[in-house]
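First the structure, in the form of structure tokens, and then the observations on it.
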Amino acid sequence: MRRDEVYRTGSSALVFDIQRFSLHDGPGIRTVVFFKGCPLRCMWCQNPESIHPYREIGFYETICMYRGRCAVVCERRAIFTGSPGRIDRETCNGCGRCVEACPSNALKSVGTYYDEETLFAEVLKDRPFFESSSGGVTFSGGEPTLQHRFLKGFVQRCRSAHIHTVMETCGYFNFAVVKDALSGIDMFLYDLKAIDAGLHTRYTGRGNGVIIQNLERLRSAGANVVIRMPLVPGYSDSPENINAVMDVLNRLGVRTIHLLPYHPMGESKIKPIASSQPYLGLPVLSESKLEEVAATFRKAGIDTVLSGWM
Amino acid sequence: MRASLALKKTLENMSVYIMDEELIAGNRSSKILGVVLPVERGDMSAVLKHYTGQLRRRPFRPFVISRAEERELRNDILRYWEGRTVNDGKYRLWKEHRLFKHAYLNPGALLSIAAGGTKRLKGYTSLKDLSLGRVLERSNPQIIMNILDVQGHLVVGHKNLINKGLGAVKAEIEQAIGKGRDKAGEEVLRAMARSIDATITYAHRLARHAMLLAGKEQDPGRKAQLERIGANCTWVPEHAPRDFYEAMQFLWLVQVVALISYGSGALFAIGRADQYLYPFYRQSIDNGTITPDLAFGLIQELLIKLSYNLIVIPSVLKASASELGADNQAVTVGGVDRSGNDATNELSSLFIDAIAGLKSMTNSFSIRIHKGAPQDFVTRAIGVYQSTSGPALFNDDAIIPSLVNDGYTQEDARDYAIIGCVEPTSDGNTFATTSGNDISLAGVLELTLLNGKLGITLNRLSPKTGPPSSFRSFDELKEAFRVHLGYNIDLMATGIDLKDQVYGEGYHDPFVSMTIDGCIEHAMDMTQGGARYNFASITARGFATTVNSLAAIRKLVFEEKKLTMKELLRILKRDFRGHDELRNLMSNKSPKFGRDDDGADDIAVWLHSTFCDLVKSHTGTRHDTFRPGFFSYGIHVFDGIVLGATPDGRKAGEPVSNSLSPANGTETKGPTAAMKSVGKLDNLRSSNGSSLNMRLTPDLLSTREGLYKIAMLVRTYFSLGGMHVQFNVVSSDTLREAQKHPDQYKDLIVRVSGYTAYFVDLGRPVQDDIISRIEFGSSGM
Ligand code: SF4
Ligand code: SF4
């Protein structure tokens, strides 16, 4: 499978977005670094641009001026001004020249390389806000552990600068391989999607055995783990699945769960990168359904948090 | 003297009324929403002349003015004042000094601008209505600046009077008269005394009226209230109040008389109400003379009364749909006391709760925050945004040192209050004329690029600095800009000074002067420099537009050489027609102020300090230094109409940026980045006030955690040196606007249950869902 060089070397991170002043992904005011690349293929993924472990080019047709600056600079001849999607994804190597050349920002780089120094400078920008609000940096994705070689040094760097770190993870990783990168993390936000292994494979393309094992490993290593459950209407919100999640929590002795109600905000992100992600056309998870699920958990003695740290 | 006689006549004759349910009496005109027309100033005469007749007939928010009143206004009042107003006097002096050149407008440009202006303000007002030439010449000399006829803009010295009563103040004045003054000084003092008499007479008329109503009242509850009003108005403001209720009546009566004496456009702030009212409140609550409920009701009533104060402003200047703007009577609460300790008290919180309970206030409500402010207090202040966009937050730790730099003592600086929207001065001892004199930085840039002309003028308004195509470096461009800025600020300072002389010579306000510390002692009216502290002001607008334009020129012309200066000028002249691509480069691929990006922020730092230096180098007629500020009160839209396209990609006709805020659509890195950018400026130097306006989505305010995070956002911004921030809570209307004009809202971020996205990037159905969430206050939003 195609994968950018940096995954192997860890010399840089491939990041598809950096969001300052994020309030939902951990305590306080945070800067979220979205790492590109993910081992799962959740059908409802809200960040389709996070999936591939290489740089892609997003094309926003409505603001394109059709003058073809991009085609002129593309050395691989991957751009056809006439075609609706503009870019031949097979030929494009993500060099980014067309993005530079486009005056309208109709082409955007999905994925930017940051070396440790540059990314750290970016994180430091909001340090005064972290300090006053007990916030910090959150590594999200995609799946950040895919870039564990880079993260290993970076997390330590944050630690020595006393910056609080949170990692959002899907849990699908090789514990032994990535554990050095995880050792300095102050808090994990750990997603549980479906407990039935067959369902999990159907929804995400992978089984969940390793995910549940890793959860246990993290907890027994003494890590601070917050469990979250995305509630996707018609997928993860069935009573069976809720009960199964409850069983897991009980077995592990976890008393709190964060619920993430589905919202189809990510669908507009599918087209610009010609993602193979299906349009599910799912509705927003209704307030009443959310309340119902929350009540089920509460009845079983498990506290629910409905909007993260907000 | 004439002023005090006129006040006496008004107060003795104007009709008094008390409305049902009112607990505090006093009206400034015979209409509830009435405006005291400032005919003697003259700035609005041209507007009024045009509008009488139109005001009543127009379909949109018609004014209620009877035919007889209209005739009186047009035939008698306006005619009498013709040639005798401040406006006339000011203009005469400007001409004598040959100060401003006449601007010969380029008819072609004017036409297209007028068309653009009309289109932009469709349904409201066209430029034609304003007899443009006259307004421009007399209020907007050089076109890129305005020197309005107004002074005002001060904190009325309620705090000096409320513990004494006007009777005692009059005794002080009489003592001062006895000290053998020169004739002029004695006259000033006598006028003050006379204005006090008139005020007491007025209060007594109100008292009699209340008693009369009480006599006729059937309902025993209301009867008792009316009797209480009668008793209050008999006692105050002649004597010092004996409880909180009397203190509120005292405050309102003094404020009403101040407004009547000055006319609208006064921008009279009431100062630190939670401080000087607190002893009365404490005592009344402790000894049970009034209940907390009554106290709260009185505060709300006061705030409502303060917000009914309106001003006639031509809509082309205000860009709003109304000729009536708010004649802000700012209330300030919170902050430190004179010795630097936290001064927030129960009353501060009551004021905050009261404003939260009153939606859609036109008032300006200022909350002071300092390093040691209790967290509860700050969170409570932020909580107000759940119901209204009203309040503004001010940073003691930046403002106090900036006032000390201006020459205030440490104690007086700590005792500051806000005037108008954002301007700080010490409470009750200052005549600072903090607004009305503004200059457009984007206009100065146009003068620089056109070698001293504007696109809409045929003649030169500013010196020759050479054609920009001859500039070999960005520094040369900056230097030329500095020359134009300096030249125009010089002109302005002189123009303002001459206006202020006109005031000092013949347009006194003995009543307001008497409230301000220093005027009695010096036997001088405030307009002559009687106050303990005096300042003048010049305020800049269009800051970010100018910074971004300079940054684009540096990058595209001097660094990357994507185009030459000559080409740039041609493109601007054509308003980018046929050059969308270059326009896109300017708006998308150039650094912008507000993104924590030094590619623009270093220019911002330079522009900010250059402006402050130039303004501070001037001294005015009251031996007062000029104070620089950065804010705009809708007036930046006027710039949009008269200025051509700018190198940041802004088209002619579009508004320039407001205050210190990032330009529309450019705040893509979120609030922390914008705050960092503003934090890089030497904020202590713009002591006349600077403001940052930001958007906040309602989801951030819907939980305790959210309020805490916003509170910490503000506290961090203040620790970085920011002076002021005001949030506008995004409403469903804002989002609908964004659907229509995605260009202007490229930076609008929305969040739904943890998901974040740029609103304009979302598909229509998702957008609509978010709109309905906001409308129905759904928990996810
Ligand atoms: S350079 Fe940009 S605007 Fe021009 S054709 Fe390519 S994508 Fe469209
Ligand atoms: S990223 Fe490079 S290879 Fe891909 S389309 Fe753009 S210029 Fe061509």
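Each chain in the structure tokens gets a letter, A, B, ..., in the order shown, and its residues are numbered from 1; ligands are numbered from 1 in order too.
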
Please produce, as JSON lines, a per-residue contact table for chain B versus ligand 1 (criterion: any atom at most 12 Å away, only C-alpha atoms and all ligand atoms considered), showing the nearest atom pair and its distance in Å to one decimal, sorted by chain then residue number.
```
{"residue": "B:Asp580", "atom": "CA", "partner": "ligand 1", "partner_atom_place_in_ligand_line": "3 (S)", "distance": 10.0}
{"residue": "B:Glu581", "atom": "CA", "partner": "ligand 1", "partner_atom_place_in_ligand_line": "3 (S)", "distance": 7.9}
{"residue": "B:Leu582", "atom": "CA", "partner": "ligand 1", "partner_atom_place_in_ligand_line": "3 (S)", "distance": 11.2}
{"residue": "B:Arg583", "atom": "CA", "partner": "ligand 1", "partner_atom_place_in_ligand_line": "3 (S)", "distance": 12.0}
{"residue": "B:Asn584", "atom": "CA", "partner": "ligand 1", "partner_atom_place_in_ligand_line": "3 (S)", "distance": 9.1}
{"residue": "B:Leu585", "atom": "CA", "partner": "ligand 1", "partner_atom_place_in_ligand_line": "3 (S)", "distance": 10.5}
{"residue": "B:Asn588", "atom": "CA", "partner": "ligand 1", "partner_atom_place_in_ligand_line": "2 (Fe)", "distance": 11.5}
```

Could you give me the residues within 10 Å of ligand 2, counting only C-alpha atoms and all ligand atoms, as a PyMOL selection string? chain A and resi 55-59+70-80+86-102+107-110

As a PyMOL selection string, could you give me every residue of chain B near chain A (at most 10 Å apart, counting only C-alpha atoms)? chain B and resi 580-589+596+669-673+676+699-717+719-720+751-759+761-767+769-770+778-780

Taking 2 positions as the minimum chain separation for residues in the same chain, which residues sit within 10 Å of B:Gln255 when counting only C-alpha atoms? Answer as JSON, numbers by chain. {"B": [26, 28, 156, 157, 158, 249, 250, 251, 252, 253, 257, 258, 259, 260, 261, 268, 269, 270, 306, 329, 512]}

Would you mind listing what lies within 10 Å of B:Arg338 as a PyMOL selection string, with only C-alpha atoms counted and same-chain residues fewer than 2 positions away left out? chain B and resi 335-336+340-343+410-416
